Every structure is written in C-alpha cells, then in structure tokens.
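Trainee: One file: coords-v8.cif (mmCIF, C-alpha atoms).
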data_data
loop_
_atom_site.label_atom_id
_atom_site.label_comp_id
_atom_site.auth_asym_id
_atom_site.auth_seq_id
_atom_site.Cartn_x
_atom_site.Cartn_y
_atom_site.Cartn_z
CA MET A 1125 -3.58 1.25 24.51
CA ASN A 1126 -2.44 4.84 24.86
CA TYR A 1127 -2.04 7.07 21.90
CA PRO A 1128 0.55 9.79 22.40
CA LYS A 1129 -0.96 13.18 23.10
CA ASN A 1130 -0.45 16.03 20.67
CA THR A 1131 -0.41 13.82 17.64
CA THR A 1132 -2.61 14.17 14.60
CA ASP A 1133 -4.62 11.22 13.32
CA GLU A 1134 -3.15 9.15 10.52
CA THR A 1135 -5.00 9.61 7.21
CA PRO A 1136 -7.57 6.81 6.82
CA PHE A 1137 -7.00 4.02 4.32
CA GLN A 1138 -9.31 3.16 1.45
CA THR A 1139 -9.35 0.15 -0.82
CA ALA A 1140 -6.86 0.13 -3.70
CA GLY A 1141 -9.77 -1.04 -5.89
CA PRO A 1142 -9.78 -3.39 -8.88
CA PHE A 1143 -7.68 -1.17 -11.16
CA LEU A 1144 -4.61 -0.72 -8.96
CA HIS A 1145 -2.38 -1.92 -11.84
CA ILE A 1146 -2.82 1.46 -13.55
CA GLY A 1147 -1.01 3.26 -10.77
CA CYS A 1148 1.19 0.54 -9.32
CA LEU A 1149 2.08 -1.84 -12.16
CA PRO A 1150 1.18 -0.03 -15.39
CA ASN A 1151 3.58 -1.95 -17.63
CA THR A 1152 1.83 -5.22 -16.73
CA ILE A 1153 -1.37 -3.95 -18.37
CA ASN A 1154 0.34 -2.47 -21.41
CA ILE A 1155 0.47 1.10 -20.22
CA ASN A 1156 3.98 1.41 -21.56
CA GLY A 1157 6.20 4.41 -21.97
CA ILE A 1158 5.25 6.31 -18.83
CA TYR A 1159 7.46 4.50 -16.30
CA GLN A 1160 10.55 2.77 -17.62
CA ASN A 1161 10.13 -0.02 -15.08
CA ASP A 1162 7.37 -0.89 -12.70
CA LEU A 1163 8.30 -0.31 -9.08
CA GLY A 1164 9.60 -3.39 -7.24
CA GLU A 1165 10.07 -5.44 -10.40
CA LYS A 1166 13.23 -6.92 -8.90
CA PRO A 1167 13.88 -6.90 -5.15
CA PHE A 1168 17.68 -6.96 -5.46
CA ILE A 1169 19.21 -5.48 -8.59
CA ASN A 1170 22.88 -6.27 -8.10
CA LYS A 1171 22.72 -9.77 -6.63
CA ASP A 1172 23.49 -12.96 -8.51
CA THR A 1173 20.18 -14.54 -9.45
CA ASN A 1174 21.80 -17.99 -9.19
CA ASP A 1175 21.56 -17.53 -5.43
CA PHE A 1176 17.86 -16.69 -5.53
CA ILE A 1177 15.12 -18.73 -3.96
CA SER A 1178 11.58 -18.81 -5.28
CA ILE A 1179 8.41 -18.34 -3.29
CA SER A 1180 5.04 -18.96 -4.82
CA GLY A 1181 1.46 -19.23 -3.68
CA SER A 1182 -2.03 -17.83 -3.94
CA VAL A 1183 -4.28 -15.51 -1.98
CA PHE A 1184 -7.64 -17.14 -1.19
CA ASP A 1185 -10.90 -15.40 -0.29
CA GLY A 1186 -13.58 -16.75 2.04
CA SER A 1187 -15.14 -18.87 -0.70
CA GLY A 1188 -11.84 -20.62 -1.35
CA GLN A 1189 -11.30 -18.81 -4.62
CA ALA A 1190 -7.72 -17.88 -5.54
CA LEU A 1191 -7.64 -14.16 -6.38
CA ASP A 1192 -5.97 -12.57 -9.38
CA ASP A 1193 -6.86 -8.94 -8.69
CA VAL A 1194 -4.77 -8.66 -5.54
CA MET A 1195 -1.40 -6.88 -5.23
CA LEU A 1196 1.35 -8.18 -2.97
CA GLU A 1197 4.25 -6.11 -1.74
CA THR A 1198 7.20 -7.53 0.14
CA TRP A 1199 9.99 -6.02 2.18
CA GLN A 1200 12.98 -7.95 3.44
CA SER A 1201 16.56 -7.74 4.62
CA ASP A 1202 19.59 -8.89 2.66
CA GLU A 1203 21.31 -12.24 3.31
CA ASN A 1204 23.10 -10.74 6.33
CA GLY A 1205 19.93 -9.53 8.02
CA VAL A 1206 20.56 -5.91 7.09
CA TYR A 1207 17.84 -3.66 5.64
CA THR A 1208 19.08 -1.53 2.76
CA PRO A 1209 16.64 1.20 1.68
CA ASP A 1210 17.31 0.82 -2.05
CA ASN A 1211 16.93 -2.96 -2.17
CA GLY A 1212 14.60 -5.56 -0.71
CA PHE A 1213 11.23 -4.30 -1.94
CA ALA A 1214 9.13 -6.24 -4.45
CA ARG A 1215 5.64 -5.74 -5.86
CA PHE A 1216 3.72 -8.31 -7.88
CA VAL A 1217 0.32 -9.77 -8.75
CA PRO A 1218 -0.75 -13.40 -9.26
CA ASN A 1219 -0.75 -14.78 -12.79
CA SER A 1220 -4.24 -14.31 -14.23
CA ILE A 1221 -4.48 -17.93 -15.42
CA SER A 1222 -2.74 -19.95 -12.67
CA LYS A 1223 -3.77 -17.42 -9.95
CA LYS A 1224 -0.32 -17.96 -8.44
CA TYR A 1225 2.25 -15.34 -7.62
CA LYS A 1226 5.96 -15.96 -7.85
CA LEU A 1227 8.69 -14.05 -6.07
CA SER A 1228 12.35 -14.65 -6.91
CA THR A 1229 14.60 -13.17 -4.28
CA ILE A 1230 17.49 -13.87 -1.94
CA LYS A 1231 16.85 -15.66 1.32
CA PRO A 1232 16.92 -12.98 4.04
CA GLY A 1233 19.26 -13.31 7.03
CA SER A 1234 18.37 -13.05 10.70
CA VAL A 1235 17.51 -9.49 11.66
CA GLN A 1236 18.69 -8.20 15.01
CA ASN A 1237 15.98 -6.61 17.10
CA PHE A 1238 16.40 -3.33 19.00
CA ASP A 1239 16.91 -5.29 22.23
CA GLY A 1240 19.61 -7.46 20.69
CA SER A 1241 17.45 -10.55 20.23
CA LEU A 1242 17.53 -12.21 16.81
CA GLN A 1243 14.48 -12.61 14.59
CA SER A 1244 14.38 -15.67 12.38
CA PRO A 1245 14.65 -14.91 8.65
CA HIS A 1246 11.34 -13.55 7.37
CA ILE A 1247 9.73 -11.46 4.65
CA SER A 1248 7.08 -8.83 5.41
CA PHE A 1249 3.98 -8.87 3.18
CA SER A 1250 1.43 -6.15 2.50
CA ILE A 1251 -1.72 -7.16 0.61
CA SER A 1252 -4.10 -4.80 -1.20
CA SER A 1253 -7.11 -5.31 -3.43
CA ARG A 1254 -10.72 -4.51 -4.14
CA GLY A 1255 -12.70 -5.39 -1.03
CA ILE A 1256 -9.76 -4.83 1.32
CA ASN A 1257 -10.43 -1.49 2.99
CA MET A 1258 -7.02 -1.32 4.62
CA ASN A 1259 -3.93 -3.18 3.37
CA LEU A 1260 -3.29 -6.36 5.32
CA ASN A 1261 0.11 -7.03 6.80
CA THR A 1262 1.63 -10.40 7.56
CA ARG A 1263 5.01 -12.13 7.64
CA MET A 1264 6.45 -15.21 6.02
CA TYR A 1265 8.98 -17.43 7.79
CA PHE A 1266 10.77 -20.45 6.29
CA GLU A 1267 10.12 -24.09 7.16
CA GLY A 1268 13.37 -25.76 8.12
CA ASP A 1269 14.78 -22.68 9.90
CA ASN A 1270 15.16 -22.53 13.66
CA LEU A 1271 11.98 -20.68 14.59
CA PHE A 1272 11.94 -21.39 18.33
CA LYS A 1273 13.54 -18.15 19.44
CA ASP A 1274 11.83 -15.76 17.08
CA PRO A 1275 10.26 -13.03 19.28
CA LEU A 1276 7.05 -12.61 17.24
CA LEU A 1277 6.36 -16.34 16.79
CA SER A 1278 7.08 -16.98 20.48
CA MET A 1279 4.69 -14.21 21.48
CA ILE A 1280 1.89 -15.62 19.33
CA LYS A 1281 2.50 -19.18 20.60
CA LYS A 1282 2.34 -17.94 24.18
CA SER A 1283 -1.25 -16.89 23.61
CA ASN A 1284 -1.90 -20.40 22.31
CA ASN A 1285 -2.20 -19.49 18.70
CA ASP A 1286 -1.05 -21.70 15.88
CA VAL A 1287 1.70 -19.97 13.89
CA SER A 1288 1.66 -22.35 10.93
CA SER A 1289 -0.06 -19.80 8.65
CA LEU A 1290 3.11 -17.68 8.89
CA ILE A 1291 5.49 -20.43 7.80
CA ALA A 1292 6.15 -21.18 4.12
CA SER A 1293 6.36 -24.88 3.20
CA LYS A 1294 9.71 -26.01 1.91
CA ILE A 1295 9.67 -27.86 -1.42
CA ASP A 1296 13.46 -27.97 -1.67
CA ASP A 1297 16.38 -25.77 -0.62
CA THR A 1298 15.44 -23.05 -3.09
CA SER A 1299 11.67 -23.21 -3.39
CA PHE A 1300 8.92 -22.47 -0.95
CA ILE A 1301 5.13 -22.23 -1.03
CA PHE A 1302 3.32 -19.54 0.92
CA ASN A 1303 -0.45 -19.31 0.60
CA ILE A 1304 -2.47 -16.55 2.21
CA PHE A 1305 -6.02 -17.16 3.43
CA LEU A 1306 -8.16 -14.08 4.01
CA GLN A 1307 -10.86 -16.07 5.85
CA GLY A 1308 -11.87 -19.58 6.88
CA ASP A 1309 -10.35 -22.41 8.94
CA LYS A 1310 -6.89 -21.60 7.65
CA GLU A 1311 -7.21 -17.81 8.02
CA THR A 1312 -3.75 -16.26 8.00
CA ILE A 1313 -2.58 -14.37 11.06
CA PHE A 1314 -2.54 -10.69 10.10
CA LEU A 1315 -0.43 -8.25 12.02
CA ASP A 1316 -1.09 -4.87 13.57
CA VAL A 1317 2.35 -3.58 12.60
CA MET B 728 21.03 2.29 21.74
CA ALA B 729 18.04 3.76 19.97
CA VAL B 730 14.70 2.04 19.89
CA LYS B 731 12.27 3.27 17.30
CA SER B 732 8.64 2.34 17.37
CA LEU B 733 5.76 3.34 15.18
CA ILE B 734 2.86 4.98 16.97
CA LYS B 735 0.11 2.46 17.68
CA ARG B 736 -2.61 2.62 15.04
CA ASN B 737 -5.94 4.05 16.10
CA TYR B 738 -8.45 1.76 14.39
CA ASP B 739 -11.40 3.97 15.43
CA LYS B 740 -10.21 6.40 12.77
CA GLN B 741 -9.73 3.75 10.07
CA PRO B 742 -12.23 1.91 7.84
CA GLN B 743 -13.79 -1.30 9.09
CA LEU B 744 -12.46 -4.27 7.16
CA ASN B 745 -15.77 -6.10 7.21
CA TYR B 746 -18.32 -3.61 5.90
CA PRO B 747 -21.11 -5.57 4.19
CA ASP B 748 -22.57 -2.46 2.48
CA TYR B 749 -19.41 -2.72 0.40
CA LYS B 750 -20.06 -6.19 -0.92
CA SER B 751 -16.52 -7.03 -1.99
CA SER B 752 -15.41 -6.82 1.64
CA ILE B 753 -17.63 -9.72 2.71
CA LEU B 754 -15.37 -12.50 1.44
CA ARG B 755 -12.12 -10.58 1.78
CA ALA B 756 -12.15 -9.17 5.33
CA PRO B 757 -10.33 -11.39 7.83
CA LYS B 758 -12.52 -12.41 10.78
CA LYS B 759 -9.85 -12.71 13.45
CA ASP B 760 -8.30 -9.77 15.27
CA LYS B 761 -4.93 -8.57 14.08
CA VAL B 762 -2.00 -9.47 16.31
CA PHE B 763 -0.23 -6.47 17.78
CA PHE B 764 3.50 -6.60 18.50
CA PRO B 765 6.19 -4.00 19.20
CA SER B 766 7.82 -2.51 16.09
CA SER B 767 11.04 -4.20 15.01
CA PRO B 768 13.56 -3.02 12.41
CA SER B 769 11.44 -4.90 9.85
CA GLU B 770 8.55 -2.42 10.30
CA VAL B 771 10.60 0.70 11.01
CA SER B 772 12.81 0.34 7.94
CA GLY B 773 11.41 0.58 4.44
CA PRO B 774 12.26 1.13 0.81
CA ILE B 775 13.36 4.64 -0.10
CA PHE B 776 12.98 5.66 -3.71
CA ASN B 777 15.51 7.77 -5.51
CA LYS B 778 14.39 10.93 -7.33
CA ASN B 779 16.13 9.64 -10.45
CA ILE B 780 13.23 7.22 -11.10
CA ILE B 781 10.96 10.20 -11.74
CA ARG B 782 10.86 11.44 -15.30
CA LYS B 783 9.85 14.87 -16.53
CA PHE B 784 6.10 14.35 -16.95
CA ASP B 785 5.52 11.65 -14.35
CA ASN B 786 3.46 14.09 -12.27
CA ASP B 787 1.56 15.58 -15.23
CA LEU B 788 -1.10 13.10 -16.28
CA THR B 789 -2.29 15.42 -19.02
CA LEU B 790 1.07 15.03 -20.82
CA ASN B 791 2.57 11.68 -19.80
CA PHE B 792 0.40 9.62 -22.15
CA SER B 793 -0.69 12.17 -24.72
CA GLN B 794 -0.23 11.11 -28.32
CA ASN B 795 1.22 13.74 -30.66
CA ASN B 796 0.73 16.37 -27.94
CA ALA B 797 -3.05 16.04 -28.04
CA SER B 798 -4.86 16.98 -24.84
CA PRO B 799 -7.00 14.57 -22.89
CA ILE B 800 -10.70 15.37 -22.68
CA GLY B 801 -11.96 17.15 -19.59
CA HIS B 802 -10.79 20.05 -17.49
CA LYS B 803 -7.29 20.19 -16.10
CA ILE B 804 -6.83 20.38 -12.36
CA ILE B 805 -3.96 20.73 -9.91
CA VAL B 806 -3.89 18.39 -6.92
CA HIS B 807 -1.33 19.38 -4.33
CA GLY B 808 -0.59 19.15 -0.65
CA THR B 809 1.91 18.24 2.03
CA ILE B 810 2.81 14.90 3.55
CA ARG B 811 3.54 15.06 7.24
CA ASP B 812 3.86 12.58 10.08
CA GLN B 813 1.61 12.50 13.14
CA PHE B 814 3.82 15.11 14.82
CA LEU B 815 3.19 17.32 11.75
CA LYS B 816 6.80 17.07 10.64
CA PRO B 817 6.95 17.28 6.81
CA ILE B 818 8.22 14.11 5.14
CA GLU B 819 10.76 14.62 2.40
CA GLY B 820 11.38 11.92 -0.19
CA ALA B 821 8.02 10.16 0.13
CA LEU B 822 6.89 8.44 -3.07
CA ILE B 823 3.30 9.16 -4.12
CA GLU B 824 1.70 7.14 -6.90
CA ILE B 825 -1.79 8.05 -8.12
CA TRP B 826 -4.29 6.46 -10.47
CA GLN B 827 -7.77 7.48 -11.58
CA ALA B 828 -10.55 7.24 -14.16
CA ASN B 829 -10.70 9.68 -17.08
CA ALA B 830 -13.16 12.57 -17.41
CA GLY B 831 -15.91 10.16 -18.46
CA GLY B 832 -15.40 7.89 -15.45
CA LYS B 833 -13.59 5.16 -17.43
CA TYR B 834 -10.37 3.47 -16.34
CA PHE B 835 -7.66 2.58 -18.84
CA HIS B 836 -8.02 -1.08 -17.86
CA ASN B 837 -9.49 -4.00 -19.82
CA LYS B 838 -11.45 -5.18 -16.77
CA ASP B 839 -13.43 -1.92 -16.51
CA GLN B 840 -17.00 -2.74 -17.61
CA ASN B 841 -18.20 0.86 -17.64
CA ILE B 842 -19.58 1.75 -21.08
CA ALA B 843 -17.91 5.19 -21.11
CA ALA B 844 -15.15 5.77 -23.68
CA ILE B 845 -11.40 5.31 -23.24
CA ASP B 846 -9.44 8.51 -23.77
CA PRO B 847 -6.41 7.59 -25.91
CA ASN B 848 -4.50 10.53 -24.46
CA PHE B 849 -5.05 9.68 -20.82
CA ALA B 850 -3.78 6.57 -18.98
CA GLY B 851 -4.54 7.96 -15.52
CA CYS B 852 -1.32 7.18 -13.69
CA GLY B 853 1.28 9.48 -12.21
CA ARG B 854 3.89 9.68 -9.50
CA CYS B 855 6.19 12.07 -7.72
CA ILE B 856 8.51 12.31 -4.73
CA THR B 857 7.91 14.95 -2.07
CA GLU B 858 10.17 18.00 -1.81
CA ASN B 859 12.18 18.83 1.32
CA ASN B 860 9.16 20.65 2.78
CA GLY B 861 6.99 17.58 2.22
CA THR B 862 4.99 19.07 -0.65
CA TYR B 863 3.80 17.40 -3.83
CA GLU B 864 1.89 18.50 -6.92
CA PHE B 865 0.10 16.72 -9.76
CA ILE B 866 -1.53 18.11 -12.86
CA THR B 867 -4.35 15.91 -14.10
CA ILE B 868 -7.89 15.81 -15.45
CA GLN B 869 -10.94 15.99 -13.20
CA PRO B 870 -11.97 12.30 -12.93
CA GLY B 871 -15.62 11.54 -13.62
CA PRO B 872 -17.96 9.65 -11.29
CA TYR B 873 -18.97 6.20 -12.52
CA PRO B 874 -21.49 3.42 -11.87
CA TYR B 875 -20.31 0.07 -10.51
CA PRO B 876 -22.03 -3.11 -9.35
CA ASN B 877 -22.47 -3.29 -5.58
CA ARG B 878 -25.98 -3.37 -4.09
CA GLY B 879 -27.38 -3.16 -7.56
CA VAL B 880 -25.79 -0.32 -9.45
CA GLU B 881 -24.18 2.38 -7.33
CA TRP B 882 -22.07 5.41 -8.15
CA ARG B 883 -18.53 6.08 -7.02
CA PRO B 884 -17.91 9.72 -6.18
CA MET B 885 -15.12 11.37 -8.17
CA HIS B 886 -11.84 10.22 -6.67
CA ILE B 887 -8.13 9.73 -7.15
CA HIS B 888 -6.31 6.71 -5.68
CA PHE B 889 -3.16 7.48 -3.69
CA SER B 890 -0.38 5.07 -2.70
CA ILE B 891 2.34 6.45 -0.42
CA PHE B 892 5.67 5.19 0.84
CA GLY B 893 7.25 7.20 3.66
CA LYS B 894 10.38 6.00 5.40
CA SER B 895 9.05 2.83 7.05
CA PHE B 896 7.26 -0.18 5.59
CA GLY B 897 4.89 0.18 8.56
CA GLN B 898 3.98 3.69 7.34
CA ARG B 899 2.70 2.42 4.02
CA LEU B 900 -0.64 4.06 3.12
CA ILE B 901 -3.12 3.43 0.31
CA THR B 902 -6.14 5.71 0.19
CA GLN B 903 -8.40 7.80 -2.04
CA MET B 904 -8.96 11.53 -2.33
CA TYR B 905 -12.47 12.85 -2.93
CA PHE B 906 -13.55 16.28 -4.17
CA GLU B 907 -15.15 18.99 -2.08
CA GLY B 908 -18.83 19.42 -2.87
CA ASP B 909 -19.38 16.04 -4.56
CA PRO B 910 -22.89 14.91 -3.44
CA LEU B 911 -22.00 11.24 -4.05
CA ILE B 912 -19.46 11.12 -1.19
CA ASP B 913 -22.13 10.72 1.50
CA PHE B 914 -23.63 7.66 -0.18
CA CYS B 915 -20.39 5.81 -0.90
CA PRO B 916 -20.04 2.60 1.15
CA MET B 917 -16.26 2.68 0.81
CA VAL B 918 -16.19 6.13 2.38
CA ASN B 919 -18.78 5.09 4.94
CA SER B 920 -16.70 2.09 6.02
CA ILE B 921 -14.86 4.76 8.05
CA PRO B 922 -17.08 5.29 11.11
CA ASP B 923 -15.44 8.51 12.29
CA LYS B 924 -16.88 11.65 10.67
CA LYS B 925 -13.77 13.77 10.98
CA ALA B 926 -11.60 10.98 9.57
CA LYS B 927 -13.99 10.62 6.65
CA LYS B 928 -13.83 14.35 5.97
CA SER B 929 -10.03 14.29 5.96
CA LEU B 930 -10.19 12.40 2.63
CA ILE B 931 -11.90 15.29 0.86
CA GLY B 932 -9.56 17.53 -1.09
CA SER B 933 -10.58 21.14 -0.64
CA LEU B 934 -10.96 23.67 -3.42
CA ASP B 935 -7.93 25.97 -3.30
CA ARG B 936 -9.22 29.23 -4.73
CA THR B 937 -5.93 31.12 -4.42
CA GLN B 938 -4.02 28.64 -6.60
CA SER B 939 -7.01 28.19 -8.89
CA ASN B 940 -7.02 31.89 -9.66
CA THR B 941 -3.27 32.42 -10.04
CA LYS B 942 -2.61 29.29 -12.11
CA GLN B 943 -5.90 29.39 -14.03
CA LEU B 944 -6.55 25.71 -13.32
CA LEU B 945 -8.91 24.52 -10.63
CA ALA B 946 -6.73 23.46 -7.71
CA TYR B 947 -7.50 21.03 -4.89
CA LYS B 948 -5.47 20.69 -1.71
CA PHE B 949 -5.08 17.30 -0.09
CA ASP B 950 -2.78 16.99 2.90
CA ILE B 951 -1.80 13.54 4.13
CA ILE B 952 -0.66 12.29 7.52
CA LEU B 953 1.52 9.17 7.75
CA ARG B 954 2.22 7.37 11.00
CA GLY B 955 4.80 8.92 13.28
CA SER B 956 7.40 7.08 15.27
CA ASN B 957 8.86 7.50 18.73
CA GLN B 958 12.53 7.18 19.40
CA THR B 959 13.86 6.35 22.83
CA PHE B 960 17.47 5.88 23.89
CA PHE B 961 18.80 3.65 26.61
CA GLU B 962 22.16 2.23 27.62
CA ASN B 963 23.23 -0.97 25.97
CA ARG B 964 22.54 -3.92 28.17
CA THR B 965 24.46 -7.14 27.63
CA GLU B 966 22.02 -9.47 29.33
CA GLY B 967 20.49 -12.01 27.05
CA LEU B 968 23.00 -11.40 24.29
#
Starting from the coordinates I provided, produce the structure as structure tokens.
Mentor:
Amino acid sequence: MNYPKNTTDETPFQTAGPFLHIGCLPNTININGIYQNDLGEKPFINKDTNDFISISGSVFDGSGQALDDVMLETWQSDENGVYTPDNGFARFVPNSISKKYKLSTIKPGSVQNFDGSLQSPHISFSISSRGINMNLNTRMYFEGDNLFKDPLLSMIKKSNNDVSSLIASKIDDTSFIFNIFLQGDKETIFLDV
Amino acid sequence: MAVKSLIKRNYDKQPQLNYPDYKSSILRAPKKDKVFFPSSPSEVSGPIFNKNIIRKFDNDLTLNFSQNNASPIGHKIIVHGTIRDQFLKPIEGALIEIWQANAGGKYFHNKDQNIAAIDPNFAGCGRCITENNGTYEFITIQPGPYPYPNRGVEWRPMHIHFSIFGKSFGQRLITQMYFEGDPLIDFCPMVNSIPDKKAKKSLIGSLDRTQSNTKQLLAYKFDIILRGSNQTFFENRTEGL
C-alpha cells in the first residue's frame, strides 16, 4: 500500500484504560454537574422513540468472559440512509451486572456509496477498553435484510471469509442481538477503516 | 462527483494490538488481520459537536468540580496545542475530551484500587472544541504517576487520556499524552507497544517555557495529527445504477 508523500504521520493511539468513564461517560459514575448530559446518550433526539429498534449484546474476551469495562460507540445514518452530523452517534457501556449493552435507535436506511452502489443498512461500531491499544472498528448489519449486494460483505465473501460475525440476529422486527468476540472461533471481523 | 477517502493507516506507526508485556492485551487483542476496504460515506462522515454543549469551565479541571471554590491539591498546569490533519491543515470544531488521575495518582473512580486519596475538588474530566485555527487549551493539575498490577506491580508514567472527534468517524482517535522528562515513560509497556521511536516520542507533551513564564503556570504543548483524506472528482457515470 502506498502512503501519500508529504503527509505527516497520524498520532499513535493508546488504550482508553479502565477509567474511561471519567472522561467519556462521567454521569454514569456519579460525576454529576460537570456535563449536563453524557455525549451520545441518545443517537436521535427528535425522532419518535416508538419507531426505535433495540440492539443488545455483549463483548467477549478470549476467555469467553463478557466485559463490563468496555465502551462502545456507534455511528449510523437516518432511516433514509443519510448521515446527519448532529444525529446518529451513540456511546454506551454494558450493564455491570448483566454485562449486556443496549442501544435504542432507529433502523438506518441504505447508504449510497460514492460510486452509486447501495450499501445495506448498517451501524458502524468503535470499541475501546483497557487492553485494547487501538480502538477496534467493525460494522453491524441486520438479519432479514437483503445483504447480497452490499459492497463490503461481497468483498469479504469473495476472499472466502464468513461474514456472519457482522450480522445481528433478529429476535423480532424491532429487536436484534449483536455480540462481539475479540478472539476465539467466533472472532469478529474487524475493519481497517 | 466527489469521492473522499481517508488516507490508509500506517500500522508501523501505531501500537501493536497484541503486546504481551501489557498483560491486559493478551485476551483482548484480535488474532486475525483487519479487513481493509475503500472508505465509504459511513467512514468519511461523522458526528460534529456544537460549541453550545461546552460550558464555561469545561476546559478548566481545577474549577469544574471544585466545591465552594476550593482548589484541588497539586500544581496547576496548562496543556495546549493544535489539532491538524496529515496535510497539516488545522482542524476547527474538533471535540477533545480528557481524563486523568489527580495529583496523588488516584482516579475519581470506584474501581481504582490505588491507595492514594481522592481529591474532593478534582474529578479529572474536561472537554473543549478546537478554535478556527485548530488550537485547544486546558487548565488542570499535574497528574501523579501511580502503581498498577501488570507484571507484578508497575508504574504508569504521568499521563492524560485524550479522546478526539474530527470530522469523520474514521478519524476517531483515543490516545494519551505523557510529560517531557518523566523517567517512567521508557519503561511503560503501553508506550512500548508502539514500535516506532519517533511515533512514541510524538506522545510526549513538551515543556513550553514561553507560556509557562508569561502565564505563571507550567505549560505543556501537545500537538495532535488526525487522519487526512483525499478528495478526487470524476464525471458521473450511469453504468451500474
């Protein structure tokens, strides 16, 4: 791969560490009164929550343990496949007892690619925690959608890779399960975005 | 039509995910290679945060949690710098969030096992949005080094955590700033997970003597580079649509 000449190196990443809540989600650990709301508390402020779907799941480490000190961030389009800079971002951590996260949001639409091709509805995930030296990126698609023409999934399938780790299981029309595996047989496909 | 793509990441200048000297990485680093694909609007777009979320003392950690105007313990410092992209173009409107331990090396977090004391006037979180020339500034307390369990007990060098949003979700950066002259930096496995010496050094904030003298607070300068993107234009083609 060629890197463009005359560019400066990107600043290196470091782990977000075990205490990322202080900076990213202070109100969840009772640091109240500094920020009115934690960032990404709600992905869409002005949409009717009756139309929301729910996505839940866990992040598992190599020993099969579900983590509760991990932070997930998501970025998605609106229902028409349009990205709007002031909506579509969410940030959350798993529940410390159930070790499950829950995201309530609208189902994204199909996003048009630069070449005109359509991507199937998806949500981008970024995962940070202690022990992760550089945030991990992946994507979540929806079981039950037409995924055959999605450019990214097609590209991965062409190199004979199983894309099932990128597809959330459908429980019913409004609820999905999306687990993330950092290692092991079911290791999630992570993306060099 | 315009095609935007983020510049391919150079992983030689980034930390290794699996770095066993940092024990927590052993069970958390994926084993398979990441899958590369051309940037799509999903990576090029990103959340943009409005300046109206920032309140008066959000970037002054010595005041934003102080009770009855009491000062936190420790010496005040200024941490400032510029956020630019890989073409050195300043990035306006980037959101920077920071978090850190107090002067005694203790985090305001119930999971921190360090025996040092909590400072009731210091939570250790702050944020700001960069100005039109890409600059930012925080006022805070010099964080202390602290012991933590790794290969036995080890010491973290003094550091501040940084989280940055530029314009694209694919530009998202989480990192740490270290302090010039701290002898613990060289022994830190998290720092040493970055194999490239120059890249490692770029995480060290440098003592800014000019500002330190004029503002009468020790000042450190930490400049940050986020990924750049290329934009190419071509005529609309109808094939395949």
Trainee: Give the answer as one residue: which of B:Glu824, B:Leu754, B:Ile901, B:Thr789 has the shortest atom-to-atom distance to Ala1190 in chain A, using only C-alpha atoms?
Mentor: B:Leu754
Trainee: Using the chain letters and numbering of this document, enumerate as a ChimeraX atom specification the residues selected by the PyMOL selection byres ((chain A) within 7 of (chain B)).
Mentor: /A:1127,1131-1140,1143,1146-1147,1158,1185-1187,1207,1209-1211,1213,1237-1238,1240-1241,1254-1258,1306-1307,1313-1317
Trainee: Would you mind telling me which residue in B:Gly801, B:Pro817, B:Pro872, B:Pro910 lies nearest to Asn860 in chain B when using all atoms listed in the file?
Mentor: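 Selected residue with least distance to Asn860 in chain B: B:Pro817.
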Trainee: Run the PyMOL selection byres ((chain A and resi 1229) around 9) against the file shown and list the residues it catches, as an MDAnalysis selection string.
Mentor: chainID A and resid 1166:1168 1173 1175:1179 1212 1214 1227:1228 1230:1232
Trainee: By how many Å are CA of Asp935 in chain B and CA of Ile856 in chain B apart?
Mentor: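 It comes out at 21.4 Å.
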Trainee: With 7 Å as the threshold, what does the neighbourhood of (9.0, 11.3, 2.5) contain in terms of residues, counting all atoms listed in the file? Coordinates are those of the file; answer as a list in words.
Mentor: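 Within the cut-off we find Ile818, Glu819, Gly820, Ala821, Leu822, Thr857, Gly861, Gly893 and Lys894 of chain B.
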Trainee: Which is closer to Gly1205 in chain A than all the others in A:Val1287, A:Ile1295, A:Val1235, A:Ile1280, using only C-alpha atoms?
Mentor: A:Val1235
Trainee: Just the number, please: distance in Å from CA of Ser1253 in chain A to CA of Val1194 in chain A, one decimal.
Mentor: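 CA of Val1194 in chain A lies at a distance of 4.6 Å from CA of Ser1253 in chain A.
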Trainee: Can you translate the PyMOL selection byres ((chain A and resi 1263) around 10) into the concrete residues it hits in this file, as a count of residues only?
Mentor: 22
Trainee: Out of B:Asn796, B:Ser956, B:Asn829, B:Gln840, which residue has the shortest atom-to-atom distance to Thr867 in chain B when counting only C-alpha atoms?
Mentor: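 Closest residue, counting only C-alpha atoms: B:Asn829.
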Trainee: Closest to Gln1243 in chain A among A:Asp1202, A:Asp1193, A:Asp1296, A:Asp1274, using only C-alpha atoms?
Mentor: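 Of the candidates, the smallest distance to Gln1243 in chain A is held by A:Asp1274.
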Trainee: Rounded to one decimal place, report the CA of Val880 in chain B-CA of Gly1308 in chain A distance in Å.
Mentor: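 Pair CA of Val880 in chain B / CA of Gly1308 in chain A returns 28.8 Å.
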Trainee: Of the candidates B:Ile800, B:Gly808, B:Cys855, B:Ala830, which one gets nearest to Tyr1159 in chain A if we count only C-alpha atoms?
Mentor: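 For Tyr1159 in chain A, the nearest of the given residues is B:Cys855.
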Trainee: Around the point (6.8, -5.3, -7.0) (coordinates from the file), which residues reach within 6 Å if we count all atoms listed in the file? Answer as a list of chain:residue names.
Mentor: A:Leu1163, A:Gly1164, A:Glu1165, A:Glu1197, A:Ala1214, A:Arg1215, A:Phe1216
Trainee: Write out as a VMD selection string each polymer residue whose atoms come within 9 Å of Arg936 in chain B, counting all atoms listed in the file; drop sequence neighbours fewer than 5 positions from it.
Mentor: chain B and resid 941 945 to 947
Trainee: Emit range 750-760 of chain B of the structure in the block as a file comprising N, CA and C atoms, as a CSV table (one decimal), in the first residue's frame.
Mentor:
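Here's the written file result_27.csv:
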chain,number,residue,atom,x,y,z
B,750,LYS,N,-0.3,-6.9,29.9
B,750,LYS,CA,-1.0,-8.2,30.1
B,750,LYS,C,-2.4,-8.1,29.6
B,751,SER,N,-3.1,-7.0,29.9
B,751,SER,CA,-4.5,-6.9,29.5
B,751,SER,C,-4.7,-7.1,28.0
B,752,SER,N,-3.7,-6.9,27.2
B,752,SER,CA,-3.9,-7.1,25.7
B,752,SER,C,-4.0,-8.5,25.3
B,753,ILE,N,-3.5,-9.4,26.2
B,753,ILE,CA,-3.4,-10.8,25.8
B,753,ILE,C,-4.8,-11.4,25.4
B,754,LEU,N,-5.8,-11.2,26.2
B,754,LEU,CA,-7.1,-11.8,25.9
B,754,LEU,C,-8.0,-10.8,25.1
B,755,ARG,N,-7.5,-9.6,24.8
B,755,ARG,CA,-8.4,-8.6,24.2
B,755,ARG,C,-7.9,-8.2,22.8
B,756,ALA,N,-6.7,-8.7,22.3
B,756,ALA,CA,-6.3,-8.3,21.0
B,756,ALA,C,-6.8,-9.4,20.0
B,757,PRO,N,-7.5,-8.9,19.0
B,757,PRO,CA,-7.9,-9.9,18.0
B,757,PRO,C,-6.7,-10.5,17.3
B,758,LYS,N,-6.9,-11.8,16.9
B,758,LYS,CA,-5.8,-12.5,16.3
B,758,LYS,C,-5.7,-12.4,14.8
B,759,LYS,N,-6.9,-12.2,14.2
B,759,LYS,CA,-6.9,-12.1,12.7
B,759,LYS,C,-6.6,-10.7,12.2
B,760,ASP,N,-6.1,-10.6,11.0
B,760,ASP,CA,-5.8,-9.3,10.4
B,760,ASP,C,-7.1,-8.5,10.2
